[in-house]
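Single-structure report; data block below.
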Amino acid sequence: MEVALFILYFLLFSYLINKWKFLHSVPFLYSQSLFIVKIIAGLSGGYLYMQYLDGGDTHTYMKDSITLFQALKSNPSHFFQLITGIEWQQEELQHYYRQLRTNAEPGYGNIFNNSMLFVRLNTILCCFSLGYYSIHVIFMCFLSLIGLIALYKVITTTFNPVTFILINTLPGLLLWGSMMLKEPLVIFLLGLSIYHFQRSLRNINSGNVIGFLVCFSFLMLMKTFVTLLLFPALTAWIINTLWNKKWLPVFTLTISSFILIIIILSTIDSRFNVFQAMHNQQIVFLKFAVYYQANSLIELIPFSPDALSVIKRSPEALLTAFRPFPGEAKNFLQFIAAMENIYILLLLTFLISKAKMVNLKYKPEVAICIATGLFILIVAAFTTPVIGALVRIKVPGILLLIAGLSAGITNGWAKDGSNSFNL
């Protein structure tokens, strides 16, 4: 049954890749090949997790989704409450939640916890997958493919196989962005959020605005810190569009103003002290890692919960984001992560050396990607003292950084920033 369903969904998604107008900006051969490679990566990642990590997050999410899905047969009203989070505190629902491994901390039954939200989404998906892991992987691969192509349509005008391959063949992106994890869904929402935002600036209509608000809201639920770091760049993009000035001074002034506002608010009211929040998150993550005996702990970046300390330590955090270094690898998975970091650093060097400023002059989109990507890498390194988690959390940052710099080696940008893709 699983094989039949897998073939059915593979053919269905392949048909959509070939026929869906939105995806036509990338030739079918490239998009279909990427889809197949992502499926292989996603299934291989699931196998590696089972072999080396006793299942890890991906199989935990799967088992928990099946646990909730089983309520559909026994008590449909309970199933509805479980997938919506409505009155989740009721005693008759607790025997479901007590079976969940995701439900490791108080409050994880709440709908606004991103891990439980992901479990709930996959519980709904079980209605189509019948609980087969491989089917969930193929859905995640298709969703992330949509997000990747949406982001690609933002940063370039005409199809360029070099930039497409550079962006989409990063080892970590292929692995974490194809497995049954939150990362594929984050990539899907991130790409569509930026895409619909760009469309809204060019043509304000209900479809573009609603598309952005829906994707951005779900992204907020799945990865709050990514949306918060994206917000200043989006604001700068609006100002740049209204003023029609060169994007570099506008972005510099806007983002600097945001940082200044954050510093002032952090001083006035402790509830808005984001630096304290980062410091607290670092401590919580460390306690969590020690409790579960994580074997890839790295030394914490020492910083005080204030703006000066965070700014001073940011270069160190950016360097830490590219750990593990080759000499630090303790097992096969860490060695692969170290090799990927070397590849990324070499790729970044290549893109910077080959970038043509004339290609970037009229593209505020590139500032969106680069600035947000750097912010994500820095915050991830400050708050994540575990290599195994860091290599996944930084995926959106690496994706945006590579995408932004890749725009510098593409050709054909019009002076008005218009996009020749059939959007």
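FYI, nothing fancy with the structure tokens labels: chains A, B, ... in order, residues from 1 per chain, ligands from 1 as they appear.
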Quick one: everything within 8 Å of A:Ser406, counting only C-alpha atoms, minus sequence neighbours fewer than 6 positions away in the same chain. Send it as a list in words. Thr163, Leu166, Ile167, Leu351 and Ala355 of chain A
Selection above as a file: N, CA and C atoms, as a PDB file, in the first residue's frame:
ATOM      1  N   THR A 163      22.928  29.829 -10.874  1.00  0.00           N
ATOM      2  CA  THR A 163      22.386  30.312  -9.604  1.00  0.00           C
ATOM      3  C   THR A 163      21.370  29.327  -9.037  1.00  0.00           C
ATOM      4  N   LEU A 166      23.384  26.519  -7.463  1.00  0.00           N
ATOM      5  CA  LEU A 166      24.116  26.986  -6.283  1.00  0.00           C
ATOM      6  C   LEU A 166      23.192  27.106  -5.074  1.00  0.00           C
ATOM      7  N   ILE A 167      22.009  27.667  -5.300  1.00  0.00           N
ATOM      8  CA  ILE A 167      21.078  27.895  -4.198  1.00  0.00           C
ATOM      9  C   ILE A 167      20.506  26.594  -3.667  1.00  0.00           C
ATOM     10  N   LEU A 351      31.036  33.799  -4.626  1.00  0.00           N
ATOM     11  CA  LEU A 351      29.943  34.694  -4.986  1.00  0.00           C
ATOM     12  C   LEU A 351      30.320  36.158  -4.771  1.00  0.00           C
ATOM     13  N   ALA A 355      30.477  38.819  -7.827  1.00  0.00           N
ATOM     14  CA  ALA A 355      29.306  39.695  -7.853  1.00  0.00           C
ATOM     15  C   ALA A 355      29.593  40.980  -8.612  1.00  0.00           C
TER      16      ALA A 355
END
At a cut-off of 12 Å, using only C-alpha atoms, what residues contact A:His24? Leave out same-chain residues fewer than 2 positions from it and give the result as number ranges by chain. A: 16-22, 26-32, 146, 149-150, 152-153, 158-159, 421-423
Dump as a compact mmCIF listing (two decimals), in the first residue's frame, selection limited to C-alpha atoms:
# COMPACT_ATOMS: atom_id res chain seq x y z
CA LEU A 16 1.84 19.75 -10.92
CA ILE A 17 5.50 20.66 -11.41
CA ASN A 18 5.02 20.30 -15.16
CA LYS A 19 1.64 22.05 -15.42
CA TRP A 20 1.50 24.65 -12.63
CA LYS A 21 2.19 28.05 -14.15
CA PHE A 22 3.78 29.36 -10.95
CA VAL A 26 12.26 27.02 -13.79
CA PRO A 27 12.49 24.49 -16.65
CA PHE A 28 10.76 21.21 -15.87
CA LEU A 29 13.99 19.22 -16.17
CA TYR A 30 15.62 21.25 -13.37
CA SER A 31 12.62 21.43 -11.04
CA GLN A 32 11.76 17.77 -11.50
CA ILE A 146 7.58 25.65 -3.98
CA ILE A 149 11.26 28.47 -6.54
CA ALA A 150 9.30 31.38 -5.03
CA TYR A 152 14.34 32.18 -6.77
CA LYS A 153 11.70 34.21 -8.62
CA THR A 158 15.48 34.96 -16.06
CA PHE A 159 16.41 31.37 -15.41
CA PHE A 421 9.48 36.01 -15.13
CA ASN A 422 5.86 35.26 -15.88
CA LEU A 423 4.77 35.79 -12.28
Within 12 Å of A:Ala337 using only C-alpha atoms, minus same-chain residues under 2 positions, as an MDAnalysis selection string: chainID A and resid 170:173 175:176 296 321:335 339:344 387:392 394:395
Let's have the selection written as a compact mmCIF listing (two decimals), in the first residue's frame, with N, CA and C atoms.
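Below is the file that was written, out-v1.txt:
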# COMPACT_ATOMS: atom_id res chain seq x y z
N LEU A 170 22.85 23.04 -1.74
CA LEU A 170 23.58 23.05 -0.48
C LEU A 170 23.25 21.77 0.29
N PRO A 171 24.25 21.02 0.74
CA PRO A 171 23.98 19.73 1.40
C PRO A 171 22.99 19.82 2.56
N GLY A 172 23.17 20.81 3.44
CA GLY A 172 22.27 20.94 4.57
C GLY A 172 20.85 21.27 4.14
N LEU A 173 20.74 22.13 3.12
CA LEU A 173 19.42 22.48 2.61
C LEU A 173 18.73 21.27 1.99
N LEU A 175 19.28 18.14 2.80
CA LEU A 175 18.96 17.17 3.85
C LEU A 175 17.84 17.66 4.76
N TRP A 176 18.12 18.75 5.51
CA TRP A 176 17.13 19.24 6.48
C TRP A 176 15.89 19.81 5.79
N SER A 296 26.97 16.85 21.16
CA SER A 296 27.63 17.82 20.29
C SER A 296 27.60 19.22 20.90
N ALA A 321 28.59 30.23 13.83
CA ALA A 321 27.51 29.71 13.00
C ALA A 321 28.02 28.72 11.96
N PHE A 322 29.32 28.79 11.67
CA PHE A 322 29.90 27.89 10.67
C PHE A 322 30.65 26.72 11.33
N ARG A 323 30.33 26.45 12.57
CA ARG A 323 30.81 25.24 13.20
C ARG A 323 29.82 24.11 12.94
N PRO A 324 30.31 22.85 12.96
CA PRO A 324 31.61 22.41 13.44
C PRO A 324 32.72 22.61 12.39
N PHE A 325 33.92 22.86 12.90
CA PHE A 325 35.10 22.89 12.05
C PHE A 325 35.57 21.44 11.86
N PRO A 326 36.33 21.17 10.81
CA PRO A 326 36.73 19.78 10.53
C PRO A 326 37.37 19.07 11.72
N GLY A 327 38.19 19.77 12.50
CA GLY A 327 38.85 19.12 13.62
C GLY A 327 37.93 18.81 14.79
N GLU A 328 36.71 19.37 14.78
CA GLU A 328 35.77 19.17 15.88
C GLU A 328 34.84 17.99 15.65
N ALA A 329 34.78 17.47 14.43
CA ALA A 329 33.83 16.41 14.11
C ALA A 329 34.12 15.14 14.91
N LYS A 330 33.09 14.63 15.59
CA LYS A 330 33.25 13.45 16.43
C LYS A 330 32.59 12.21 15.84
N ASN A 331 31.76 12.39 14.82
CA ASN A 331 31.11 11.24 14.18
C ASN A 331 30.84 11.57 12.72
N PHE A 332 30.23 10.64 12.03
CA PHE A 332 30.02 10.78 10.58
C PHE A 332 29.15 11.99 10.25
N LEU A 333 28.05 12.18 10.99
CA LEU A 333 27.14 13.29 10.70
C LEU A 333 27.82 14.63 10.94
N GLN A 334 28.62 14.74 12.00
CA GLN A 334 29.33 15.99 12.27
C GLN A 334 30.40 16.24 11.21
N PHE A 335 31.02 15.18 10.72
CA PHE A 335 32.01 15.34 9.66
C PHE A 335 31.36 15.88 8.39
N MET A 339 32.22 19.44 6.51
CA MET A 339 32.53 19.56 5.09
C MET A 339 31.57 20.54 4.41
N GLU A 340 30.31 20.53 4.84
CA GLU A 340 29.36 21.47 4.27
C GLU A 340 29.75 22.91 4.61
N ASN A 341 30.20 23.14 5.83
CA ASN A 341 30.61 24.49 6.23
C ASN A 341 31.76 25.00 5.38
N ILE A 342 32.72 24.12 5.09
CA ILE A 342 33.83 24.52 4.22
C ILE A 342 33.31 24.87 2.83
N TYR A 343 32.40 24.04 2.33
CA TYR A 343 31.81 24.29 1.01
C TYR A 343 31.08 25.63 0.98
N ILE A 344 30.31 25.93 2.03
CA ILE A 344 29.56 27.18 2.10
C ILE A 344 30.50 28.38 2.13
N ILE A 387 25.75 21.67 18.31
CA ILE A 387 26.03 21.63 16.88
C ILE A 387 24.90 20.96 16.11
N GLY A 388 24.38 19.86 16.66
CA GLY A 388 23.32 19.13 15.98
C GLY A 388 22.09 19.98 15.71
N ALA A 389 21.78 20.89 16.63
CA ALA A 389 20.64 21.79 16.44
C ALA A 389 21.02 22.99 15.58
N LEU A 390 22.25 23.48 15.73
CA LEU A 390 22.69 24.67 15.02
C LEU A 390 22.67 24.46 13.51
N VAL A 391 23.11 23.28 13.05
CA VAL A 391 23.17 23.03 11.61
C VAL A 391 21.79 23.07 10.97
N ARG A 392 20.74 22.81 11.77
CA ARG A 392 19.37 22.89 11.25
C ARG A 392 18.79 24.28 11.39
N LYS A 394 20.16 27.12 11.41
CA LYS A 394 20.76 28.15 10.54
C LYS A 394 20.39 27.97 9.08
N VAL A 395 19.66 26.93 8.71
CA VAL A 395 19.34 26.66 7.31
C VAL A 395 18.66 27.84 6.62
